[in-house]
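I have placed the structure first, in the form of structure tokens, so that the comments after it can refer back to it.
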2 protein chains.
Amino acid sequence: MATGRSHRPATRSRGIPEATVARLPLYLRALTALSERSVPTVSSEELAAAAGVNSAKLRKDFSYLGSYGTRGVGYDVEYLVYQISRELGLTQDWPVVIVGIGNLGAALANYGGFASRGFRVAALIDADPGLTGKPVAGIPVQHTDDLEKIIKGDRVSIGVIATPAGAAQQVCDRLVAAGVTSILNFAPTVLAVPDGVDVRKVDLSIELQILAFHEQRKSGEETAAGGAKATAAVTPPTDSSDQGPDGDVPAVMPA
Amino acid sequence: MATGRSHRPATRSRGIPEATVARLPLYLRALTALSERSVPTVSSEELAAAAGVNSAKLRKDFSYLGSYGTRGVGYDVEYLVYQISRELGLTQDWPVVIVGIGNLGAALANYGGFASRGFRVAALIDADPGLTGKPVAGIPVQHTDDLEKIIKGDRVSIGVIATPAGAAQQVCDRLVAAGVTSILNFAPTVLAVPDGVDVRKVDLSIELQILAFHEQRKSGEETAAGGAKATAAVTPPTDSSDQGPDGDVPAVMPA
DNA sequence: CAATCTTTGTGCACGCGTTCACAAAGACAT
DNA sequence: ATGTCTTTGTGAACGCGTGCACAAAGATTG
């Protein structure tokens, strides 16, 4: 059956490493916060702390975008906000459809982080006729039957799937056939898509399982399980910035 | 200020690489599906396809757990389900609290994927007195004032933060002080936690921004933007299993 | 203008993760 | 029992990402 896994050898988008791209939104958020406080410039050290990363890493990340800093001073906040926004493509308008308006879909529709970043919820789509017409987050839900019409009519290229797992692949196929080329999938399924379509997956259960793994290690290490956790003595919250287990290997991935 | 980033040199949990741990839940889900269909054994090739990964990677991943396969045959589904569950710590009961019962919190409370994996929603907590006592997903919401009591009373070690960004750090501090040592954070903020506490972050907006980046590349590459996408000719959905942009560098990370 | 101080930008080395490719192991047929 | 065929388990090579450490660049002060 020969799988068919082509595995493109890291097309390295015009030289910007994927790892860097994944951090740009992080920097952007920190910079936006600084901008709102009218801070004119930041050093790599400060910004790195705000974004929760290493300062050397941050500088290297920025070096891929060009030399936007001034030695001895730091980075111009406004300028950097613009550069990163442009690089991420957030200066243009991205219509997005959300398919599956259950609890999660409604949460996503209400999520403020979208609108503030150039994303516009173009439509909410659900298969339940009982929902059709009902407004969620101020937007009337439309029926799945009209999916193709909506996508094509509004030139939507990004789709969010928040349906049950069983419906996900079918919805995905229809989205792709209608012209969607980027999909954010919340359903716990592996989606099959043709070449040229990007899929990012967010699985809440997987994140918890990874936490459980590390949690288990903590309990079962020093004391042999049992009443171990009864030691109760928990280090009080300090601002130590050490994070996470060890490596950064998250569960969200293109697939 | 010397950052303070200790960066533990990858404590490599008893030899299991983080990247592998992050994939175990993926395998587990595929195996569970097979188990429900009463499939006795799978080859690495088949299972890899079902989980959306490379078969060599899968075999190497399993090799860290031990030699659970039979050459010429494959892996025993039931046995593997058990081994992975045990490794991930899912054979024990993990009480979880969800703080912030807005749209997202409610969605999480209703999410079936938790219960089916050894996770138990021990309590829902919200700062809004109007919500207190109201049942969400069959569980009455409790007030933030009782947070410490709840955590300690039920020996909760995993907390989910689904509050607005502004409240996240404060909630985090209280959770940690009360004994929580693993946190899944949905608020768009960098959380500061003491050593020994794991934080995983899920940021919906970041995922979309990464998609936008790749989407922009697609449009601006072959044809110079403009009516480029009017070419409409979209490759029909096939079962080609090529996934994602290129490298696997997701936006969810310990921090 | 010269000296000093701050902060960027990056060359280099190292380690983790991925992939290839193949030998060893076992099933199965004769 | 012997041979063939399938599939695992892994050694080795490679590439990406990270972090260190420092030279170059510019601000700032005297």
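All residue names refer to the structure tokens as shown: chains lettered A, B, ... in order, residues numbered from 1 in each chain, ligands numbered from 1 in order.
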Filtered DSSP result for range 111-220 of chain B, state strand (DSSP E), as a PDB file with C-alpha atoms, in the first residue's frame:
ATOM      1  CA  PHE B 119      -9.698  12.007  33.887  1.00  0.00           C
ATOM      2  CA  ARG B 120     -12.473  13.031  36.215  1.00  0.00           C
ATOM      3  CA  VAL B 121     -13.821  16.539  36.446  1.00  0.00           C
ATOM      4  CA  ALA B 122     -13.669  17.005  40.180  1.00  0.00           C
ATOM      5  CA  ALA B 123     -14.976  20.556  40.227  1.00  0.00           C
ATOM      6  CA  LEU B 124     -15.929  23.569  38.164  1.00  0.00           C
ATOM      7  CA  ILE B 125     -14.884  26.887  39.607  1.00  0.00           C
ATOM      8  CA  ASP B 126     -15.847  30.412  38.613  1.00  0.00           C
ATOM      9  CA  PRO B 135     -25.016  22.909  37.052  1.00  0.00           C
ATOM     10  CA  VAL B 136     -22.808  22.710  33.976  1.00  0.00           C
ATOM     11  CA  ILE B 139     -21.704  19.446  37.897  1.00  0.00           C
ATOM     12  CA  PRO B 140     -22.612  22.436  40.053  1.00  0.00           C
ATOM     13  CA  VAL B 141     -20.269  25.395  39.666  1.00  0.00           C
ATOM     14  CA  GLN B 142     -18.464  26.410  42.835  1.00  0.00           C
ATOM     15  CA  HIS B 143     -17.155  29.795  43.804  1.00  0.00           C
ATOM     16  CA  ILE B 158      -4.151  18.959  37.611  1.00  0.00           C
ATOM     17  CA  GLY B 159      -5.846  22.273  36.951  1.00  0.00           C
ATOM     18  CA  VAL B 160      -7.289  23.728  33.772  1.00  0.00           C
ATOM     19  CA  ILE B 161      -7.381  27.500  33.420  1.00  0.00           C
ATOM     20  CA  SER B 182       0.237  20.491  36.430  1.00  0.00           C
ATOM     21  CA  ILE B 183      -1.642  23.208  34.609  1.00  0.00           C
ATOM     22  CA  LEU B 184      -3.309  23.328  31.234  1.00  0.00           C
ATOM     23  CA  ASN B 185      -3.636  26.978  30.305  1.00  0.00           C
ATOM     24  CA  ASP B 198       4.327  21.831  34.542  1.00  0.00           C
ATOM     25  CA  VAL B 199       2.420  24.212  32.359  1.00  0.00           C
ATOM     26  CA  ARG B 200       1.058  23.397  28.941  1.00  0.00           C
ATOM     27  CA  LYS B 201      -0.490  26.107  26.899  1.00  0.00           C
TER      28      LYS B 201
END
Exercise for review: At a cut-off of 7 Å, list the chain B residues touching chain D, using only C-alpha atoms (C1' of nucleotides), as a list in words.
Suggested key: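 Going by the stated atoms only, the list reads Ser63, Gly69, Thr70, Arg71, Gly72, Val73 and Gly74 of chain B.
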Tell me, counting only C-alpha atoms (C1' of nucleotides), for each residue of chain A within 12 Å of chain C, which pair of atoms is nearest and how far apart they are in Å to one decimal, in rows ordered by chain and increasing number, as a Markdown table.
| residue | atom | partner | partner_atom | distance |
| --- | --- | --- | --- | --- |
| A:His7 | CA | C:DT19 | C1' | 10.6 |
| A:Pro9 | CA | C:DT19 | C1' | 11.3 |
| A:Val42 | CA | C:DT7 | C1' | 10.5 |
| A:Ser43 | CA | C:DT7 | C1' | 7.3 |
| A:Ser44 | CA | C:DT7 | C1' | 8.2 |
| A:Glu45 | CA | C:DT7 | C1' | 9.3 |
| A:Glu46 | CA | C:DT7 | C1' | 11.6 |
| A:Ser55 | CA | C:DT8 | C1' | 11.0 |
| A:Ala56 | CA | C:DG9 | C1' | 9.8 |
| A:Lys57 | CA | C:DG9 | C1' | 11.4 |
| A:Leu58 | CA | C:DG9 | C1' | 11.1 |
| A:Arg59 | CA | C:DG9 | C1' | 7.3 |
| A:Lys60 | CA | C:DG9 | C1' | 7.6 |
| A:Asp61 | CA | C:DG9 | C1' | 10.6 |
| A:Phe62 | CA | C:DG9 | C1' | 9.3 |
| A:Ser63 | CA | C:DG9 | C1' | 6.9 |
| A:Tyr64 | CA | C:DG9 | C1' | 10.4 |
| A:Leu65 | CA | C:DG9 | C1' | 11.9 |
| A:Gly66 | CA | C:DG9 | C1' | 9.9 |
| A:Ser67 | CA | C:DG9 | C1' | 7.9 |
| A:Tyr68 | CA | C:DT8 | C1' | 9.5 |
| A:Gly69 | CA | C:DT8 | C1' | 6.7 |
| A:Thr70 | CA | C:DT8 | C1' | 6.6 |
| A:Arg71 | CA | C:DT8 | C1' | 4.6 |
| A:Gly72 | CA | C:DT7 | C1' | 4.1 |
| A:Val73 | CA | C:DT7 | C1' | 6.2 |
| A:Gly74 | CA | C:DT7 | C1' | 6.5 |
| A:Tyr75 | CA | C:DT8 | C1' | 9.3 |
| A:Asp246 | CA | C:DC16 | C1' | 11.7 |
| A:Gly247 | CA | C:DC16 | C1' | 8.8 |
| A:Asp248 | CA | C:DC16 | C1' | 10.7 |
| A:Val249 | CA | C:DG17 | C1' | 10.2 |
Let me see the file: selected residues, C-alpha atoms, as an mmCIF file, in the first residue's frame.
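Here's the written file result_2.cif:
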data_model
loop_
_atom_site.group_PDB
_atom_site.id
_atom_site.type_symbol
_atom_site.label_atom_id
_atom_site.label_comp_id
_atom_site.auth_asym_id
_atom_site.auth_seq_id
_atom_site.Cartn_x
_atom_site.Cartn_y
_atom_site.Cartn_z
ATOM 1 C CA HIS A 7 7.252 14.235 3.331
ATOM 2 C CA PRO A 9 11.874 18.107 2.885
ATOM 3 C CA VAL A 42 12.273 47.014 24.273
ATOM 4 C CA SER A 43 15.466 45.092 24.653
ATOM 5 C CA SER A 44 15.606 41.472 23.577
ATOM 6 C CA GLU A 45 16.017 40.578 27.221
ATOM 7 C CA GLU A 46 12.814 42.289 28.327
ATOM 8 C CA SER A 55 16.654 36.063 24.727
ATOM 9 C CA ALA A 56 19.214 34.525 22.397
ATOM 10 C CA LYS A 57 16.463 32.559 20.735
ATOM 11 C CA LEU A 58 14.399 35.683 20.315
ATOM 12 C CA ARG A 59 17.242 37.578 18.708
ATOM 13 C CA LYS A 60 17.916 34.734 16.331
ATOM 14 C CA ASP A 61 14.236 34.555 15.469
ATOM 15 C CA PHE A 62 14.188 38.247 14.628
ATOM 16 C CA SER A 63 17.334 37.911 12.605
ATOM 17 C CA TYR A 64 15.369 35.788 10.145
ATOM 18 C CA LEU A 65 13.027 38.697 9.559
ATOM 19 C CA GLY A 66 15.842 41.165 9.047
ATOM 20 C CA SER A 67 17.751 43.602 11.195
ATOM 21 C CA TYR A 68 15.063 45.585 12.872
ATOM 22 C CA GLY A 69 16.850 46.407 16.112
ATOM 23 C CA THR A 70 19.222 49.132 17.152
ATOM 24 C CA ARG A 71 22.304 48.082 19.061
ATOM 25 C CA GLY A 72 22.617 49.660 22.419
ATOM 26 C CA VAL A 73 18.898 50.469 22.426
ATOM 27 C CA GLY A 74 16.688 47.563 21.485
ATOM 28 C CA TYR A 75 13.717 47.174 19.185
ATOM 29 C CA ASP A 246 11.888 19.511 29.664
ATOM 30 C CA GLY A 247 11.948 19.603 25.899
ATOM 31 C CA ASP A 248 9.226 21.451 24.075
ATOM 32 C CA VAL A 249 7.357 18.763 22.314
#
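Closest to chain B among A:Gly130, A:Asp145, A:Gly100, A:Leu208 is A:Leu208, based on only C-alpha atoms.
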Exercise for review: Identify all residues of range 34-224 of chain B in alpha helix (DSSP H) (DSSP on the backbone) and supply them as a count of residues only.
Suggested key: 84
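The residue that comes closest to chain A, out of B:Ala167, B:Val81, B:Ala48, B:Leu211 and on the basis of only C-alpha atoms, is B:Leu211.
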Exercise for review: Measure the distance from CA of Leu80 in chain B to CA of Asp93 in chain B in Å and round it to one decimal.
Suggested key: 19.7 Å
Point to revise | Nearest to chain B, chosen from A:Val202, A:Ala107, A:Leu24, A:Leu47, with only C-alpha atoms counted in the distances | key: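 Using only C-alpha atoms, the shortest distance to chain B belongs to A:Ala107.
Pairwise distance (CA of Thr32 in chain A, CA of Ala50 in chain A) equals 11.2 Å.
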Check your understanding: With only C-alpha atoms as the basis for distance, which of A:Ala168, A:Ala187, A:Ala137, A:Ala192 is at the shortest distance from Ala49 in chain B?
Key ->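 Using only C-alpha atoms, the shortest distance to Ala49 in chain B belongs to A:Ala192.
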Point to revise | Shell of 8 Å around Leu88 in chain A, only C-alpha atoms (C1' of nucleotides), local chain residues under 6 positions omitted, as a count of residues only | key: 7
Practice item. Give me, please, the distance in Å between CA of Ala177 in chain A and CA of Ala22 in chain A, quoted to one decimal. Key: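 Interatomic distance, CA of Ala177 in chain A to CA of Ala22 in chain A: 27.5 Å.
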